[in-house]
Number of protein chains: 6
Amino acid sequence: MKQLLESAGKIKSMEIRGAGKIARFAAAALCDYAARVEASSIAEFDEKMKNAAQVLVSTRPTAVSLPNAVRMTMRYKAGSVEEAKSAIAKNARDFISRSELAMKKIGEIGARRIRDGDTVLTHCNSAAALSVIATAHAQGKSIHVYATESRPRMQGHLTIKHLDKLGIPTSFIVDSAVHHFMNRVDSVIVGADAITVNGAVINKIGTSQVALAAHESRTNFIVAAETYKFSPKTMLGELVEIEERDWNEVLPADVARGLSSVKVRNPAFDVTPREYVDLICTEIGAIPPEMSYIVIRDYLGWALEELETNKW
Amino acid sequence: MKQLLESAGKIKSMEIRGAGKIARFAAAALCDYAARVEASSIAEFDEKMKNAAQVLVSTRPTAVSLPNAVRMTMRYKAGSVEEAKSAIAKNARDFISRSELAMKKIGEIGARRIRDGDTVLTHCNSAAALSVIATAHAQGKSIHVYATESRPRMQGHLTIKHLDKLGIPTSFIVDSAVHHFMNRVDSVIVGADAITVNGAVINKIGTSQVALAAHESRTNFIVAAETYKFSPKTMLGELVEIEERDWNEVLPADVARGLSSVKVRNPAFDVTPREYVDLICTEIGAIPPEMSYIVIRDYLGWALEELETNKW
Amino acid sequence: MKQLLESAGKIKSMEIRGAGKIARFAAAALCDYAARVEASSIAEFDEKMKNAAQVLVSTRPTAVSLPNAVRMTMRYKAGSVEEAKSAIAKNARDFISRSELAMKKIGEIGARRIRDGDTVLTHCNSAAALSVIATAHAQGKSIHVYATESRPRMQGHLTIKHLDKLGIPTSFIVDSAVHHFMNRVDSVIVGADAITVNGAVINKIGTSQVALAAHESRTNFIVAAETYKFSPKTMLGELVEIEERDWNEVLPADVARGLSSVKVRNPAFDVTPREYVDLICTEIGAIPPEMSYIVIRDYLGWALEELETNKW
Amino acid sequence: MKQLLESAGKIKSMEIRGAGKIARFAAAALCDYAARVEASSIAEFDEKMKNAAQVLVSTRPTAVSLPNAVRMTMRYKAGSVEEAKSAIAKNARDFISRSELAMKKIGEIGARRIRDGDTVLTHCNSAAALSVIATAHAQGKSIHVYATESRPRMQGHLTIKHLDKLGIPTSFIVDSAVHHFMNRVDSVIVGADAITVNGAVINKIGTSQVALAAHESRTNFIVAAETYKFSPKTMLGELVEIEERDWNEVLPADVARGLSSVKVRNPAFDVTPREYVDLICTEIGAIPPEMSYIVIRDYLGWALEELETNKW
Amino acid sequence: MKQLLESAGKIKSMEIRGAGKIARFAAAALCDYAARVEASSIAEFDEKMKNAAQVLVSTRPTAVSLPNAVRMTMRYKAGSVEEAKSAIAKNARDFISRSELAMKKIGEIGARRIRDGDTVLTHCNSAAALSVIATAHAQGKSIHVYATESRPRMQGHLTIKHLDKLGIPTSFIVDSAVHHFMNRVDSVIVGADAITVNGAVINKIGTSQVALAAHESRTNFIVAAETYKFSPKTMLGELVEIEERDWNEVLPADVARGLSSVKVRNPAFDVTPREYVDLICTEIGAIPPEMSYIVIRDYLGWALEELETNKW
Amino acid sequence: MKQLLESAGKIKSMEIRGAGKIARFAAAALCDYAARVEASSIAEFDEKMKNAAQVLVSTRPTAVSLPNAVRMTMRYKAGSVEEAKSAIAKNARDFISRSELAMKKIGEIGARRIRDGDTVLTHCNSAAALSVIATAHAQGKSIHVYATESRPRMQGHLTIKHLDKLGIPTSFIVDSAVHHFMNRVDSVIVGADAITVNGAVINKIGTSQVALAAHESRTNFIVAAETYKFSPKTMLGELVEIEERDWNEVLPADVARGLSSVKVRNPAFDVTPREYVDLICTEIGAIPPEMSYIVIRDYLGWALEELETNKW
């Protein structure tokens, strides 16, 4: 348990960061715990595992990849402790290897949607979206990218550095210029922080207006997302919480000084409804956003009862 | 002529800046020239005035307020030089005084569209739009403003300082957050750099996606603009030129260094089609955007022939 | 002045009711006053007339037809009192006779838009809309009408009695059933209480959702309205006030009894934006809603200055 | 069989009413019959059960909850009569207890979608929708409700009495006023009479125009419905029949008297397409409307063959 | 009168064809008649001119350019027969020369809307639309054209021959392929057979679905039309008649043989509503479709009374 | 193997044509091969079957029904060669008989969506769509059909001959007239060449603009398609290839002669997005287009891994 608590601590303190890393780390920690835990009966073992799962999940209640990783690892039915341990080990291994491959697979799947000569727009700095673009480029397709700066944290700077290294011709624009250039764009490709049961995509602030502009121009809007981004709790009706970040990301202190009637609102994400999403590319295939429920139920393995009663 | 050339020089060198200031300065210069010019016949006078008009208009070919001011001043029909001089003097005086009052009138007209308790969103830093907001506030209406930062030049900083001085509660947001907050907004109020014959509004980059988001949410989108912003040349089919500004407004030099595949695109304006505009508040009344042609023809006094044949 | 005050009293006390009747009554009263008034100079006469106009207009500040009738009657330019009196008399006569003919003309114009075999939907009980339907029927066109009951005051009962007398086959439906039947409808025809400078139609509550349903189904939405329904004050930016009527029109006393958390909201009108209106049939011709400004300026004869400075 | 026939009679005569009650009553009746029936082989037992199922289902061919309840109870596979009886008993018990809990669960799931301070609109008088509102209120969220009167049967009176008892601040409006107030509404929550395989919601007349107005304003439109409302027959392409009710619900006899060209059309329900529905809250979780097929196939357990060949 | 009747005969027999040719021919005929007619008073002259006008207009009651030409020629107010004759002569000359220049002017105005590198789509074979394309090409702009075949009469064959002569790269497509290629198109440019008072464009069958597809993709839809295409009668509410042409334009006789349940419907035109039209390029300037009323009233000079009472 | 190669040859040479015939022929060929093949172990057998499957699938890489038929036939899990052979035989028989019945079932399912008195529009010549129409007609429903000619290959001629034989009243129109008549249409029914994982329908060129026009008018758009039309490869992100056919299908040689700047573009299909599709009628039931993924996964039995790794 000590090691498990240490692992939990690393997630809590954000030493381990990023949806994918957290997920794989938790699966490994749970697998490791299962291997060491001593239990005289399967019932005792199950109980201990559930406690361990709860410890991990409670570290970051809003990180959607964490419960998904734990759930995937905990999908076992066993008659004996031995059987259970081996099932958990296999689950964890499978989850980790699939998760590690996810980026590559998503890249391959998404790249098939990009034709030679296409112009692609991306917002913020999504590893999955960039995997799609890089794969298409590596296939020899000539593509042009529009990349937004993504205020307030300017993740667009990372994006253009990445694209520049790959030698992909890129136009860098302010977030406000998306609509102006949309008619020249063939496909928009973005990542996701979470996807709800009814196919809404929670992603970097500004994504929803990119999607709206794409829809207005009949431009494809494609989301690249690993399956652990799908949020099981939305089956319970839960709204994904939109984090508000610090004001000083937006307003320089010297401008803010003395302004008594002004408040900064700095939501990190916004919500794009399913009607603006043409396709979600996941490591288990391209799907329409309406299939979110199926991903949560069939692939991630969640049942409603579980969500209601689980302590983790 | 020397003085006129001096005046023209001041416009050209951008010593005189801003649509309204340029317009009033040109009207005054033309009026001054008319008062001094010597002509033995009305024909000679007309000829000299036309030359003067052309000198002024050619200083800034894309400034829409300049030809409008000149046209308003030149609306005379006279049998004698005396008559003509006095007509021109009156025209110039009228234009200047109306133009000076325009902000105030637009503020009054627009403020009637704001109800007590309303939430208003504005983009960039438009004097006319702020006049509307300030007037509504001065009338004792409780209003809340969302102000965008307006990348790349951050004119939003000016806007919030202005609103803060007036004591109007304001939320400051990045441009990407407009869609996220739109459902809480009752009216959007923006200015205009130019308005075309078919009611399209050319304004600060990002305006068109604010308008699109407003339209999606059935939120009123109101433009505050002086009549000299209406572009007569668009009757000739001319497209309003969208200026592209310097890359380093957008990308810091240290980020840009060494990026060989990346280009910055930095358009200063975009185009909002008339279907997203509920109302334009001008100093001659509130009108729908489709009335642009009537403003150009009846109020500004332009005829097609003139636009085609005028050297100015 | 006594008779004028009496006339004003009749409008105020609502002895004279209905947009058309008020308008004609006011024009006649003003004409009558002009005929009797004694003035030693045209300036004195003008002054007295303005006062009289103000008396009349101030009786019902929200009745849009009243200032329009007064404005039409007051459109005179005269060198002498005699000339002025005769101009006013002519204006009043013209206005009254045109106003009396308006229904008939609107009926003829609107009827040309209805084809043999058409299905027409109408909401509430508009004399102008019924004039269109009756004229088309009288022309021998076979038409079927859907008439809504128009809660809360059930004006639909008047409509179906009227249509029944004319022998026009009619289906009577609750307001909620409009969307259900819209796909079978060829044209919607309604009246208007007021039309704003940007072409929005203020009419009986429910009209805007009829218009929305018509738009969704690509069904023509036609408004039948006399020109005195166009609201000049909206040029000043004024919002048309939406009257809230008594709660007991909506909720029976026995149901309401004892309900402490429930309030009735009973707006009499709503606002249909110009984008849902195909055509407005007026007595001066069929026009698109965007022409509202032209009707106010050119036909009703209003200028902005006047609206700002007039006491009436 | 006698008791079963009696039970069938009670459903037929509408002694047992309401989708939920009919469903639970039928499950209980079938279970009871199974317990008593004598059969020498499982084949004979199956045959008898099928007959019994058919008797029940044929009592109200358009009540969608009836075949769903029977189907859920009949989901057994057994080698012996004993096994079958016990499976049926368990199925019936499960169905009944889940059905009884459904309202509560739907309330909890839906309530998570309501935020503190929200304004909610509901149409007609749906127990499931009210469960959502009441649960959110019970959680201490401050909410305001708009409730429609729901002509012709004024179910809105029941709704406001219910909400008043709970102390929830409510505005009562005529059905025609929905569009007028929609911009102030955060979420619309309604019930359903039936849901088709492609996610269309059949509900009280007027629902579809509420949904249209919500969609126009980007307001969430949420349906609260138990799973037994999903219509399996629509997999066969069947259209849900829209009942037309009596004319005198709509038109008072004294108004109707003598009207020979007027007919009342009084459809009880209308159809809201899936594109206007954001979410359906069921007792098995929140789902998008497109998941209807999955509910019918996986949860209710229907296969196409069965629908085609079943006599029940 | 004999010559006038001869001229009328030539229009009736379709010896003179095409909107522009008919218009100019009628203006010339009327002018010629005016020059020869003998009248002892201006009243007699007026009467004779009206009769002549009526003779001409009645030859082709649905040709919109004919009454417009006659109206333009008949815009005179004269104290003497001499004065009248000279006014008519001037009117006819003006109309004819403007009409002859119209194509060129429209070409220049429209061409300013085409940018170097644009892709343009045109439907059918409109001289005005081709003038726009040819002018842009002549200005050295590199453009690519998509031309539809325009079933059933295959006017697209004329279009591609014309474009080929000019050396403009052209893709020829079936009418059904418009939507497929629309995302690559920058502007659609078509002609018009008639334009209604509310800005609807009557043009070759298929135009409305081209416009719909353009609107769906946010592609500019531009109409090129001479002012004599604006239909004054639509101010009276008249619907523009859609001619149905012969079945054998559509179906070869060998296919049609023996088909007893099949009828061909062959409408020559369809109606594009103003909301899908960005701009109309006329010889008096670029205008939005809503300005149609102003063209009819101010430029063509029609008043409602006239339309109602004129025999022509 | 020889016979299998012969069968493959017949598919390759297009001796066997049509999605359904190819599918059934391939299933039979595979079944036949399985019956004859000699294998000493199940592993050897599996290997040989995979090779055979690959031979068949590679004959027409873009025919979507071919891999689906092979996949359905190959769904076996067996411990012995005998078991495998019998499973394959059963699979093939099932697939063939279901496929043969598909048309009839689709007809029955779709016909339930057509009401007595409906007007139906169909595009091109789809056996499945015609099965729906014919079934509705055979049920005694009075229906009227609009049939398009479907340039360039005029499949509409086949359609009207078919409908004429059945005695169904039909209006034959050019493809450009679809929008003009859409408001009179109750349902559009078309077939499909392929359906993608996100519910897009690939069908005869022009289908997408028919769907767009239907959507604009709130007219139901129904697709009739056998399950073997659903494209599994689109799960991998693959775009369905749009074949371009010969130019001389479109342009007669005599018109084409000498045109050096003109190229014909002749795509055979286009893509209709799921948002314009109300329902897909398949032989396994009516489903919304979003269920495409479920058809591919659950009914056709594809898994992503298989698609990635299968040589066939």
# chains A, B, ... in the order shown; residues from 1 in each chain; ligands from 1
call {"tool": "interface_residues", "arguments": {"of": "chain D", "to": "chain C", "cutoff": "8 Å", "atoms": "only C-alpha atoms", "output": "number ranges by chain"}}
result
D: 150-152, 157, 160-161, 163-164, 167-180, 205-209, 212-213, 250, 255, 259-267, 270-271
call {"tool": "write_last_selection", "arguments": {"atoms": "C-alpha atoms", "output": "CSV table (one decimal), in the first residue's frame"}}
result
chain,number,residue,atom,x,y,z
D,150,SER,CA,-50.6,23.3,-22.6
D,151,ARG,CA,-53.9,23.8,-24.4
D,152,PRO,CA,-56.3,22.3,-24.9
D,157,HIS,CA,-52.4,23.9,-14.2
D,160,ILE,CA,-47.9,24.9,-11.5
D,161,LYS,CA,-49.8,23.4,-8.5
D,163,LEU,CA,-44.3,23.3,-8.4
D,164,ASP,CA,-46.1,25.7,-6.0
D,167,GLY,CA,-42.1,26.3,-3.4
D,168,ILE,CA,-40.3,26.6,-6.8
D,169,PRO,CA,-40.7,30.1,-8.3
D,170,THR,CA,-42.6,29.7,-11.5
D,171,SER,CA,-43.8,31.8,-14.4
D,172,PHE,CA,-47.0,30.6,-16.0
D,173,ILE,CA,-47.3,31.4,-19.7
D,174,VAL,CA,-49.6,30.6,-22.7
D,175,ASP,CA,-48.1,28.2,-25.2
D,176,SER,CA,-47.7,31.0,-27.7
D,177,ALA,CA,-45.3,32.9,-25.4
D,178,VAL,CA,-42.6,30.2,-25.4
D,179,HIS,CA,-40.5,31.8,-28.2
D,180,HIS,CA,-40.8,35.3,-26.5
D,205,ILE,CA,-48.7,18.8,-29.0
D,206,GLY,CA,-46.5,21.9,-29.0
D,207,THR,CA,-43.4,20.1,-27.9
D,208,SER,CA,-41.9,20.3,-31.3
D,209,GLN,CA,-42.2,24.1,-31.5
D,212,LEU,CA,-37.5,24.4,-32.5
D,213,ALA,CA,-37.4,27.7,-30.5
D,250,VAL,CA,-60.7,22.8,-28.2
D,255,VAL,CA,-68.8,29.1,-30.4
D,259,LEU,CA,-70.2,26.9,-38.0
D,260,SER,CA,-70.5,24.7,-41.1
D,261,SER,CA,-67.2,25.4,-42.8
D,262,VAL,CA,-65.1,25.0,-39.7
D,263,LYS,CA,-63.6,21.7,-38.5
D,264,VAL,CA,-61.4,21.3,-35.4
D,265,ARG,CA,-58.2,19.5,-35.7
D,266,ASN,CA,-57.0,18.3,-32.3
D,267,PRO,CA,-53.8,16.1,-32.5
D,270,ASP,CA,-46.4,16.0,-32.3
D,271,VAL,CA,-42.9,14.8,-33.4
call {"tool": "residues_around", "arguments": {"residues": "Ile222 (chain F)", "least_positions_apart": "3", "cutoff": "10 Å", "atoms": "only C-alpha atoms", "output": "VMD selection string"}}
result
chain F and resid 110 113 122 129 187 to 191 211 219 225 276 to 281 286 288 to 289
call {"tool": "write_last_selection", "arguments": {"atoms": "N, CA and C atoms", "output": "CSV table (one decimal), in the first residue's frame"}}
result
chain,number,residue,atom,x,y,z
F,110,GLY,N,-39.7,0.3,-45.4
F,110,GLY,CA,-39.8,1.7,-45.9
F,110,GLY,C,-41.3,2.0,-46.2
F,113,ARG,N,-43.4,3.9,-43.8
F,113,ARG,CA,-43.1,5.3,-43.6
F,113,ARG,C,-43.9,6.2,-44.7
F,122,THR,N,-37.8,10.4,-55.9
F,122,THR,CA,-36.7,9.5,-55.9
F,122,THR,C,-35.7,10.0,-57.0
F,129,ALA,N,-35.0,1.6,-53.2
F,129,ALA,CA,-36.0,2.7,-53.1
F,129,ALA,C,-37.2,2.3,-53.9
F,187,SER,N,-41.9,12.8,-48.8
F,187,SER,CA,-40.6,12.0,-48.5
F,187,SER,C,-39.8,11.9,-49.7
F,188,VAL,N,-38.5,12.0,-49.5
F,188,VAL,CA,-37.5,11.6,-50.5
F,188,VAL,C,-37.0,10.2,-50.2
F,189,ILE,N,-37.0,9.3,-51.1
F,189,ILE,CA,-36.4,7.9,-50.9
F,189,ILE,C,-35.4,7.6,-52.0
F,190,VAL,N,-34.2,7.4,-51.5
F,190,VAL,CA,-33.1,7.0,-52.5
F,190,VAL,C,-32.4,5.8,-52.0
F,191,GLY,N,-31.6,5.2,-52.8
F,191,GLY,CA,-30.7,4.1,-52.5
F,191,GLY,C,-29.3,4.6,-52.0
F,211,ALA,N,-30.8,16.0,-51.0
F,211,ALA,CA,-30.9,15.9,-49.5
F,211,ALA,C,-30.9,17.3,-48.9
F,219,THR,N,-38.4,18.2,-45.3
F,219,THR,CA,-39.0,17.0,-45.9
F,219,THR,C,-38.2,15.8,-45.5
F,225,ALA,N,-31.2,0.8,-48.0
F,225,ALA,CA,-29.9,0.2,-48.3
F,225,ALA,C,-29.7,-1.2,-47.6
F,276,TYR,N,-28.4,15.2,-42.9
F,276,TYR,CA,-29.6,15.4,-43.8
F,276,TYR,C,-30.4,14.1,-44.0
F,277,VAL,N,-30.0,13.0,-43.3
F,277,VAL,CA,-30.6,11.7,-43.4
F,277,VAL,C,-31.5,11.4,-42.2
F,278,ASP,N,-32.8,11.3,-42.4
F,278,ASP,CA,-33.7,11.0,-41.3
F,278,ASP,C,-33.6,9.5,-40.9
F,279,LEU,N,-33.5,8.6,-41.8
F,279,LEU,CA,-33.6,7.2,-41.5
F,279,LEU,C,-33.0,6.4,-42.6
F,280,ILE,N,-32.4,5.3,-42.2
F,280,ILE,CA,-31.9,4.3,-43.2
F,280,ILE,C,-32.7,3.0,-43.0
F,281,CYS,N,-33.4,2.6,-44.1
F,281,CYS,CA,-34.1,1.3,-44.0
F,281,CYS,C,-33.3,0.2,-44.5
F,286,ALA,N,-35.2,-0.4,-39.5
F,286,ALA,CA,-35.0,1.1,-39.7
F,286,ALA,C,-34.0,1.6,-38.7
F,288,PRO,N,-31.3,5.1,-37.5
F,288,PRO,CA,-30.7,6.4,-37.9
F,288,PRO,C,-29.3,6.2,-38.4
F,289,PRO,N,-28.8,7.2,-39.2
F,289,PRO,CA,-27.5,7.0,-39.9
F,289,PRO,C,-26.4,6.8,-38.9
call {"tool": "residues_around", "arguments": {"residues": "Lys90 (chain A)", "least_positions_apart": "2", "cutoff": "12 Å", "atoms": "only C-alpha atoms", "output": "ChimeraX atom specification"}}
result
/A:27-28,30-32,34-35,72-76,83-88,92-98
call {"tool": "residues_around", "arguments": {"residues": "Leu56 (chain F)", "least_positions_apart": "2", "cutoff": "12 Å", "atoms": "only C-alpha atoms", "output": "NGL selection string"}}
result
:F and (1 or 3-12 or 22-23 or 25-30 or 33 or 49-54 or 58-61 or 63 or 65-71 or 311-312)
call {"tool": "select_by_dssp", "arguments": {"residues": "region 18-260 of chain D", "states": "strand (DSSP E)", "output": "PyMOL selection string"}}
result
chain D and resi 119-122+144-148+170-173+187-190+194-195+201-204+220-224
call {"tool": "residues_around", "arguments": {"residues": "Lys229 (chain D)", "least_positions_apart": "6", "cutoff": "7 Å", "atoms": "only C-alpha atoms", "output": "PyMOL selection string"}}
result
chain D and resi 64-65+193-195
